[in-house]
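Colleague: Sending over a structure as structure tokens; questions will come in a sec.
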Amino acid sequence: MFLLLPFDSLVVNLLGISITVLFTLLLVFIIVPAIFGVSFGIRKVYMKTLLKIFQWATLRIERGAKEKNHPLYKPYVNGIIAKEPTSLEEEIKEIRRSGSGKALDTPEFELSDIFYFCRKGIETIMDDEVTKRFSAEELESWNLLSRTNYNFQYISLRLTVLWGLGVLIRYCFLLPLRIALAFTGISLLVTGTTVVGYLPNGRCKEFLSKHVHLMCYRICVRALTAIITYHDRENRPRKGGICVANHTSPIDVIILASDGYYAMVGQIHGGLMGVIQRAMVKACPHVWFERSEVKDRHLVAKRLTEHVQDKSKLPILIFPEGTCINNTSVMMFKKGSFEIGATVYPVAIKYDPQFGDAFWNSSKYGMVTYLLRMMTSWAIVCSVWYLPPMTRKPEEDAVQFANRVKSAIARQGGLVDLLWDGGLKREKVKDTFKEEQQKLYSKMIVGNHEDRSRS
């Protein structure tokens with residue numbers, strides 16, 4: 001037993017030295033650069049190395065699949081049914097012409113008209129452009145994450161060994177490192193904002209609050225190995241305005257807040273999130289709502305209006321979609337943010353799924369599981385575009401203004417612009433959508449009948 005004591009002492013010493021070296025490396029290469037907003041370029045070298053490995057792995061998979069006649073997964077596409085943009089009237093006219101031979105001028109209902117609605121219903125079921133926006137896309141190339149290619153089969157020993165080595169690196173090295181960085185960033189955020197909160201209001205408090213927030217968010221960004229490219233920084237949101245962006249993940253907040261200083265809007269939570277919120281609001285005028293207040297649309301609009309009317313307050317960060325979309329499209333913006341008459345600063349966020357999928361499918365994964373998937377990905381790579389500020393035109397209503405902003409974000413980010421409400425992720429289609437189709441059909445029939453009566 002006594003013979004083991006020197007060995008135990010050696011293990012303890014080695015463990016202590018390892019922890020000291022690791023903490024020193026974290027401090028020198030990650031935490032200190034994050035504090036000053038600089039980068040040594042290590043993440044970019046890491047990304048380029050990964051790209052070369054992915055290219056080799058993909059070529060090896062394709063060659064092995066051809067040799068063994070294994071089907072390869074198909075790349076993600078926006079649609080599986082070829083459709084031509086035609087109106088309800090034109091399509092029913094074509095059906096009547098090829099079926100009963102009666103003209104569309106006939107005011108009566110034709111049995112053949114049913115085929116139009118049947119076909120549209122089947123097309124919607126087969127190629128639902130709403131539901132597929134809430135599932136992760138498969139990649140055209142494999143990134144050594146088994147969850148991005150469910151059709152992966154054994155190809156070669158080298159490829160399997162490479163995948164196993166990747167698992168060890170991600171779970172045994174990157175994951176503990178990232179957890180340590182995330183804990184450091186959150187702890188500094190809570191401590192720093194609490195201390196700054198005790199200072200009297202003034203320029204000093206605002207300066208310290210801004211840099212505490214930026215420092216902590218930058219550390220959290222490095223906890224995800226996030227590689228972010230910001231474009232057109234001269235258009236960054238300014239005080240007294242509203243920053244609106246497409247929504248893919250809860251980390252959208254961290255991505256934007258690591259480059260700018262924002263007032264957050266959200267519901268008051270309990271637990272760890274509640275501790276963070278209470279600390280943050282001491283140093284910065286964030287807008288938090290009680291659960292009962294969130295449903296009061298007029299109260300929310302009043303609080304937001306009061307905030308933006310004070311030109312000394314920070315720009316509000318809002319995600320008008322209200323839910324996370326899989327970064328292939330932008331869905332309907334809620335009009336509330338566009339009714340208060342403030343200058344809107346649109347921001348487009350586009351993630352590169354090659355290194356890790358940032359989309360949060362909240363109906364499938366809880367927050368802890370999602371964060372685990374994020375922290376065991378290779379990296380989070382994205383581009384952020386700051387678009388020129390936009391204001392509501394005199395002839396526009398809030399919905400039209402929201403759609404114009406949404407279209408600009410979709411165009412810049414290379415995303416599909418959809419009119420559907422993201423709330424359909426969990427809710428049934430509203431009766432108004434059904435009634436709209438019924439009105440179009442009845443207007444077509446009644447309208448033609450009235451036109452012929454006048455003639």
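Letters A, B, ... go to the chains of the structure tokens in the order shown; residues in each chain start at 1; ligands are counted from 1 in the same order.
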Which residues, written as a PyMOL selection string, have at least one atom at most 10 Å from Ser249 (chain A), with only C-alpha atoms counted and residues fewer than 6 positions away on the same chain left out?
Modeller: chain A and resi 255+323-327+357-362+370
Colleague: List the neighbours of Gly413 (chain A) out to 12 Å using only C-alpha atoms; skip same-chain residues closer than 2 positions along the sequence, and give me the result as a PyMOL selection string.
Modeller: chain A and resi 231+245-246+327-330+346-352+382-387+406-411+415-417
Colleague: As a PyMOL selection string, please: the residues near region 390-405 of chain A (cut-off 8 Å, only C-alpha atoms, same-chain neighbours under 2 positions excluded).
Modeller: chain A and resi 332-336+338-339+341-346+388+407-409
Colleague: Quick one: write out the picked residues with N, CA and C atoms as a CSV table (one decimal), in the first residue's frame?
Modeller:
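What ended up in result36.csv:
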```csv
chain,number,residue,atom,x,y,z
A,332,MET,N,-43.5,34.2,-41.9
A,332,MET,CA,-44.2,35.4,-41.6
A,332,MET,C,-43.7,36.1,-40.4
A,333,PHE,N,-43.5,37.4,-40.5
A,333,PHE,CA,-43.1,38.3,-39.4
A,333,PHE,C,-44.4,38.8,-38.7
A,334,LYS,N,-44.4,38.7,-37.4
A,334,LYS,CA,-45.5,39.2,-36.6
A,334,LYS,C,-45.5,40.7,-36.8
A,335,LYS,N,-46.7,41.3,-36.9
A,335,LYS,CA,-46.7,42.8,-37.3
A,335,LYS,C,-46.5,43.7,-36.1
A,336,GLY,N,-46.5,43.2,-34.8
A,336,GLY,CA,-46.4,44.0,-33.6
A,336,GLY,C,-45.2,44.9,-33.6
A,338,PHE,N,-43.7,46.2,-36.0
A,338,PHE,CA,-43.7,47.2,-37.1
A,338,PHE,C,-44.8,48.2,-37.0
A,339,GLU,N,-45.5,48.1,-35.9
A,339,GLU,CA,-46.7,49.1,-35.6
A,339,GLU,C,-46.2,50.3,-34.8
A,341,GLY,N,-43.8,52.4,-35.1
A,341,GLY,CA,-43.2,53.6,-35.8
A,341,GLY,C,-41.8,53.9,-35.7
A,342,ALA,N,-41.0,52.9,-35.2
A,342,ALA,CA,-39.5,53.1,-35.0
A,342,ALA,C,-38.8,52.7,-36.3
A,343,THR,N,-37.5,53.2,-36.4
A,343,THR,CA,-36.7,52.8,-37.5
A,343,THR,C,-36.3,51.3,-37.3
A,344,VAL,N,-36.4,50.5,-38.4
A,344,VAL,CA,-36.1,49.1,-38.3
A,344,VAL,C,-34.8,48.8,-39.0
A,345,TYR,N,-33.9,48.1,-38.3
A,345,TYR,CA,-32.6,47.7,-38.8
A,345,TYR,C,-32.7,46.2,-39.1
A,346,PRO,N,-32.9,45.8,-40.4
A,346,PRO,CA,-32.9,44.4,-40.7
A,346,PRO,C,-31.5,43.7,-40.7
A,388,PRO,N,-29.4,48.1,-44.8
A,388,PRO,CA,-29.7,49.5,-44.5
A,388,PRO,C,-31.0,49.7,-43.7
A,407,SER,N,-38.8,40.3,-46.9
A,407,SER,CA,-38.3,40.1,-48.3
A,407,SER,C,-36.8,40.5,-48.4
A,408,ALA,N,-36.5,41.6,-47.8
A,408,ALA,CA,-35.1,42.1,-47.9
A,408,ALA,C,-34.2,41.2,-47.2
A,409,ILE,N,-34.6,40.6,-46.0
A,409,ILE,CA,-33.7,39.7,-45.3
A,409,ILE,C,-33.6,38.4,-46.1
```
Colleague: Which residue gives the smallest distance to Leu159 (chain A) among A:Met264, A:Ile254, A:Ile179, A:Ala57, with only C-alpha atoms counted?
Modeller: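 Closest residue, counting only C-alpha atoms: A:Ala57.
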Colleague: Out of A:Arg297, A:His247, A:Arg222, A:Lys239, which residue has the shortest atom-to-atom distance to Ala180 (chain A) when counting only C-alpha atoms?
Modeller: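 Comparing A:Arg297, A:His247, A:Arg222, A:Lys239 against Ala180 (chain A), the winner is A:Arg222.
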Colleague: Could you jot down the CA of Lys205 (chain A) to CA of Arg238 (chain A) separation for me, Å, one decimal place?
Modeller: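 Between CA of Lys205 (chain A) and CA of Arg238 (chain A) the gap is 18.5 Å.
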Colleague: Write out as a count of residues only all residues of region 281-367 of chain A that backbone DSSP assigns to helix (DSSP H, G or I).
Modeller: 25
Colleague: Compare A:Gly164, A:Thr248, A:Pro315, A:Ile276 by their minimum atom-to-atom distance to Arg133 (chain A), counting only C-alpha atoms, and give me the closest one.
Modeller: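 Once distances to Arg133 (chain A) are computed over only C-alpha atoms, the minimum belongs to A:Thr248.
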Colleague: Please list as a PyMOL selection string every residue within 9 Å of Arg278 (chain A), counting only C-alpha atoms and excluding residues in the same chain fewer than 4 positions away.
Modeller: chain A and resi 190+194+268+273-274+282
Colleague: I need the residue nearest Glu206 (chain A) from this list: A:Leu314, A:Ile227, A:Leu174, A:Leu165. Use only C-alpha atoms for the distance.
Modeller: A:Leu314
Colleague: Just give me the gap between CA of Ile251 (chain A) and CA of Ile35 (chain A) in Å, one decimal is fine.
Modeller: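 Result for CA of Ile251 (chain A) versus CA of Ile35 (chain A): 19.2 Å, one decimal.
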Colleague: Can you list, as a ChimeraX atom specification, every protein, DNA or RNA residue that comes within 9 Å of region 197-201 of chain A when you count only C-alpha atoms, leaving out same-chain residues fewer than 2 positions away?
Modeller: /A:192-195,203-206,209,279-284
Colleague: Could you dump the residues just selected with N, CA, C and O atoms as a PDB file, in the first residue's frame?
Modeller:
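Writing done, so here's selection17.pdb:
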```pdb
ATOM      1  N   GLY A 192     -20.378  40.352 -13.520  1.00  0.00           N
ATOM      2  CA  GLY A 192     -20.063  41.670 -14.053  1.00  0.00           C
ATOM      3  C   GLY A 192     -21.259  42.601 -14.095  1.00  0.00           C
ATOM      4  O   GLY A 192     -21.178  43.762 -13.678  1.00  0.00           O
ATOM      5  N   THR A 193     -22.411  42.100 -14.581  1.00  0.00           N
ATOM      6  CA  THR A 193     -23.602  42.952 -14.667  1.00  0.00           C
ATOM      7  C   THR A 193     -24.147  43.286 -13.283  1.00  0.00           C
ATOM      8  O   THR A 193     -24.699  44.372 -13.066  1.00  0.00           O
ATOM      9  N   THR A 194     -24.003  42.366 -12.329  1.00  0.00           N
ATOM     10  CA  THR A 194     -24.455  42.650 -10.963  1.00  0.00           C
ATOM     11  C   THR A 194     -23.629  43.777 -10.347  1.00  0.00           C
ATOM     12  O   THR A 194     -24.178  44.705  -9.729  1.00  0.00           O
ATOM     13  N   VAL A 195     -22.311  43.716 -10.527  1.00  0.00           N
ATOM     14  CA  VAL A 195     -21.433  44.756  -9.982  1.00  0.00           C
ATOM     15  C   VAL A 195     -21.705  46.094 -10.663  1.00  0.00           C
ATOM     16  O   VAL A 195     -21.840  47.134  -9.996  1.00  0.00           O
ATOM     17  N   ARG A 203     -22.404  57.845 -17.993  1.00  0.00           N
ATOM     18  CA  ARG A 203     -21.575  57.329 -19.085  1.00  0.00           C
ATOM     19  C   ARG A 203     -20.670  56.190 -18.644  1.00  0.00           C
ATOM     20  O   ARG A 203     -20.437  55.246 -19.384  1.00  0.00           O
ATOM     21  N   CYS A 204     -20.157  56.292 -17.423  1.00  0.00           N
ATOM     22  CA  CYS A 204     -19.260  55.255 -16.910  1.00  0.00           C
ATOM     23  C   CYS A 204     -19.985  53.916 -16.813  1.00  0.00           C
ATOM     24  O   CYS A 204     -19.464  52.876 -17.245  1.00  0.00           O
ATOM     25  N   LYS A 205     -21.204  53.937 -16.260  1.00  0.00           N
ATOM     26  CA  LYS A 205     -21.981  52.704 -16.132  1.00  0.00           C
ATOM     27  C   LYS A 205     -22.319  52.129 -17.512  1.00  0.00           C
ATOM     28  O   LYS A 205     -22.208  50.917 -17.732  1.00  0.00           O
ATOM     29  N   GLU A 206     -22.724  52.990 -18.439  1.00  0.00           N
ATOM     30  CA  GLU A 206     -23.056  52.526 -19.787  1.00  0.00           C
ATOM     31  C   GLU A 206     -21.833  51.923 -20.483  1.00  0.00           C
ATOM     32  O   GLU A 206     -21.932  50.881 -21.134  1.00  0.00           O
ATOM     33  N   SER A 209     -21.024  48.554 -18.770  1.00  0.00           N
ATOM     34  CA  SER A 209     -22.065  47.575 -19.101  1.00  0.00           C
ATOM     35  C   SER A 209     -21.895  47.049 -20.526  1.00  0.00           C
ATOM     36  O   SER A 209     -21.988  45.836 -20.772  1.00  0.00           O
ATOM     37  N   ALA A 279     -29.728  39.720 -13.312  1.00  0.00           N
ATOM     38  CA  ALA A 279     -28.418  40.373 -13.265  1.00  0.00           C
ATOM     39  C   ALA A 279     -28.255  41.342 -14.435  1.00  0.00           C
ATOM     40  O   ALA A 279     -27.764  42.461 -14.268  1.00  0.00           O
ATOM     41  N   MET A 280     -28.689  40.930 -15.637  1.00  0.00           N
ATOM     42  CA  MET A 280     -28.529  41.761 -16.830  1.00  0.00           C
ATOM     43  C   MET A 280     -29.331  43.048 -16.744  1.00  0.00           C
ATOM     44  O   MET A 280     -28.868  44.112 -17.163  1.00  0.00           O
ATOM     45  N   VAL A 281     -30.547  42.967 -16.209  1.00  0.00           N
ATOM     46  CA  VAL A 281     -31.417  44.140 -16.191  1.00  0.00           C
ATOM     47  C   VAL A 281     -30.919  45.201 -15.208  1.00  0.00           C
ATOM     48  O   VAL A 281     -31.306  46.379 -15.287  1.00  0.00           O
ATOM     49  N   LYS A 282     -30.040  44.821 -14.282  1.00  0.00           N
ATOM     50  CA  LYS A 282     -29.461  45.802 -13.358  1.00  0.00           C
ATOM     51  C   LYS A 282     -28.492  46.739 -14.075  1.00  0.00           C
ATOM     52  O   LYS A 282     -28.344  47.897 -13.696  1.00  0.00           O
ATOM     53  N   ALA A 283     -27.824  46.204 -15.108  1.00  0.00           N
ATOM     54  CA  ALA A 283     -26.806  46.998 -15.806  1.00  0.00           C
ATOM     55  C   ALA A 283     -27.312  47.603 -17.099  1.00  0.00           C
ATOM     56  O   ALA A 283     -26.711  48.541 -17.622  1.00  0.00           O
ATOM     57  N   CYS A 284     -28.422  47.087 -17.626  1.00  0.00           N
ATOM     58  CA  CYS A 284     -28.892  47.526 -18.947  1.00  0.00           C
ATOM     59  C   CYS A 284     -30.413  47.472 -18.970  1.00  0.00           C
ATOM     60  O   CYS A 284     -31.010  46.541 -18.413  1.00  0.00           O
TER      61      CYS A 284
END
```
Colleague: Within region 152-332 of chain A, find each residue whose DSSP state, derived from the backbone, is strand (DSSP E), and express the selection as a PyMOL selection string.
Modeller: chain A and resi 226-231+242-245+263-267+287-289+316-318+329-330
Colleague: Nearest residue to Thr376 (chain A) out of A:Leu168, A:Val265, A:Val212, A:Val221, using only C-alpha atoms?
Modeller: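 Once distances to Thr376 (chain A) are computed over only C-alpha atoms, the minimum belongs to A:Leu168.
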Colleague: Tell me which of A:Thr20, A:Ser258, A:Thr369, A:Ser363 sits closest to Ala34 (chain A), counting only C-alpha atoms.
Modeller: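 Closest candidate: A:Ser258.
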Colleague: So what do you get for CA of Ile316 (chain A) versus CA of Phe289 (chain A), distance-wise?
Modeller: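 Calculated distance between CA of Ile316 (chain A) and CA of Phe289 (chain A) is 14.0 Å.
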Colleague: Write out as a ChimeraX atom specification each polymer residue whose atoms come within 10 Å of Leu317 (chain A), counting only C-alpha atoms; drop sequence neighbours fewer than 4 positions from it.
Modeller: /A:237,241-245,253,256-257,261-266,286,345
Colleague: Go ahead and save the residues from that selection, with N, CA and C atoms, as a PDB file, in the first residue's frame.
Modeller:
```pdb
ATOM      1  N   PRO A 237     -27.353  48.403 -36.035  1.00  0.00           N
ATOM      2  CA  PRO A 237     -28.456  49.117 -35.376  1.00  0.00           C
ATOM      3  C   PRO A 237     -27.966  50.202 -34.417  1.00  0.00           C
ATOM      4  N   GLY A 241     -33.854  52.447 -32.161  1.00  0.00           N
ATOM      5  CA  GLY A 241     -34.390  51.646 -33.255  1.00  0.00           C
ATOM      6  C   GLY A 241     -34.686  50.224 -32.819  1.00  0.00           C
ATOM      7  N   ILE A 242     -35.115  49.433 -33.794  1.00  0.00           N
ATOM      8  CA  ILE A 242     -35.428  48.019 -33.553  1.00  0.00           C
ATOM      9  C   ILE A 242     -34.617  47.176 -34.533  1.00  0.00           C
ATOM     10  N   CYS A 243     -33.888  46.206 -34.018  1.00  0.00           N
ATOM     11  CA  CYS A 243     -33.151  45.264 -34.860  1.00  0.00           C
ATOM     12  C   CYS A 243     -33.995  44.011 -35.024  1.00  0.00           C
ATOM     13  N   VAL A 244     -34.335  43.652 -36.265  1.00  0.00           N
ATOM     14  CA  VAL A 244     -35.114  42.441 -36.524  1.00  0.00           C
ATOM     15  C   VAL A 244     -34.285  41.492 -37.383  1.00  0.00           C
ATOM     16  N   ALA A 245     -34.363  40.212 -37.087  1.00  0.00           N
ATOM     17  CA  ALA A 245     -33.561  39.215 -37.799  1.00  0.00           C
ATOM     18  C   ALA A 245     -34.348  37.929 -37.947  1.00  0.00           C
ATOM     19  N   VAL A 253     -29.027  35.185 -30.601  1.00  0.00           N
ATOM     20  CA  VAL A 253     -28.818  36.315 -29.684  1.00  0.00           C
ATOM     21  C   VAL A 253     -27.323  36.507 -29.431  1.00  0.00           C
ATOM     22  N   LEU A 256     -25.386  37.897 -32.555  1.00  0.00           N
ATOM     23  CA  LEU A 256     -25.541  39.331 -32.790  1.00  0.00           C
ATOM     24  C   LEU A 256     -24.980  40.160 -31.636  1.00  0.00           C
ATOM     25  N   ALA A 257     -25.190  39.711 -30.404  1.00  0.00           N
ATOM     26  CA  ALA A 257     -24.764  40.497 -29.249  1.00  0.00           C
ATOM     27  C   ALA A 257     -23.255  40.492 -29.056  1.00  0.00           C
ATOM     28  N   TYR A 261     -24.451  46.004 -29.082  1.00  0.00           N
ATOM     29  CA  TYR A 261     -24.984  46.169 -27.728  1.00  0.00           C
ATOM     30  C   TYR A 261     -26.488  46.388 -27.852  1.00  0.00           C
ATOM     31  N   TYR A 262     -27.277  45.434 -27.363  1.00  0.00           N
ATOM     32  CA  TYR A 262     -28.723  45.465 -27.569  1.00  0.00           C
ATOM     33  C   TYR A 262     -29.481  45.375 -26.254  1.00  0.00           C
ATOM     34  N   ALA A 263     -30.709  45.855 -26.303  1.00  0.00           N
ATOM     35  CA  ALA A 263     -31.671  45.609 -25.233  1.00  0.00           C
ATOM     36  C   ALA A 263     -32.501  44.401 -25.651  1.00  0.00           C
ATOM     37  N   MET A 264     -32.545  43.401 -24.794  1.00  0.00           N
ATOM     38  CA  MET A 264     -33.272  42.167 -25.114  1.00  0.00           C
ATOM     39  C   MET A 264     -34.742  42.297 -24.734  1.00  0.00           C
ATOM     40  N   VAL A 265     -35.565  41.543 -25.423  1.00  0.00           N
ATOM     41  CA  VAL A 265     -36.996  41.486 -25.129  1.00  0.00           C
ATOM     42  C   VAL A 265     -37.369  40.026 -24.920  1.00  0.00           C
ATOM     43  N   GLY A 266     -38.076  39.729 -23.841  1.00  0.00           N
ATOM     44  CA  GLY A 266     -38.457  38.346 -23.628  1.00  0.00           C
ATOM     45  C   GLY A 266     -39.271  38.161 -22.364  1.00  0.00           C
ATOM     46  N   HIS A 286     -33.074  46.168 -20.253  1.00  0.00           N
ATOM     47  CA  HIS A 286     -33.745  45.142 -21.048  1.00  0.00           C
ATOM     48  C   HIS A 286     -35.248  45.182 -20.768  1.00  0.00           C
ATOM     49  N   TYR A 345     -33.930  48.074 -38.279  1.00  0.00           N
ATOM     50  CA  TYR A 345     -32.624  47.684 -38.821  1.00  0.00           C
ATOM     51  C   TYR A 345     -32.658  46.179 -39.109  1.00  0.00           C
TER      52      TYR A 345
END
```
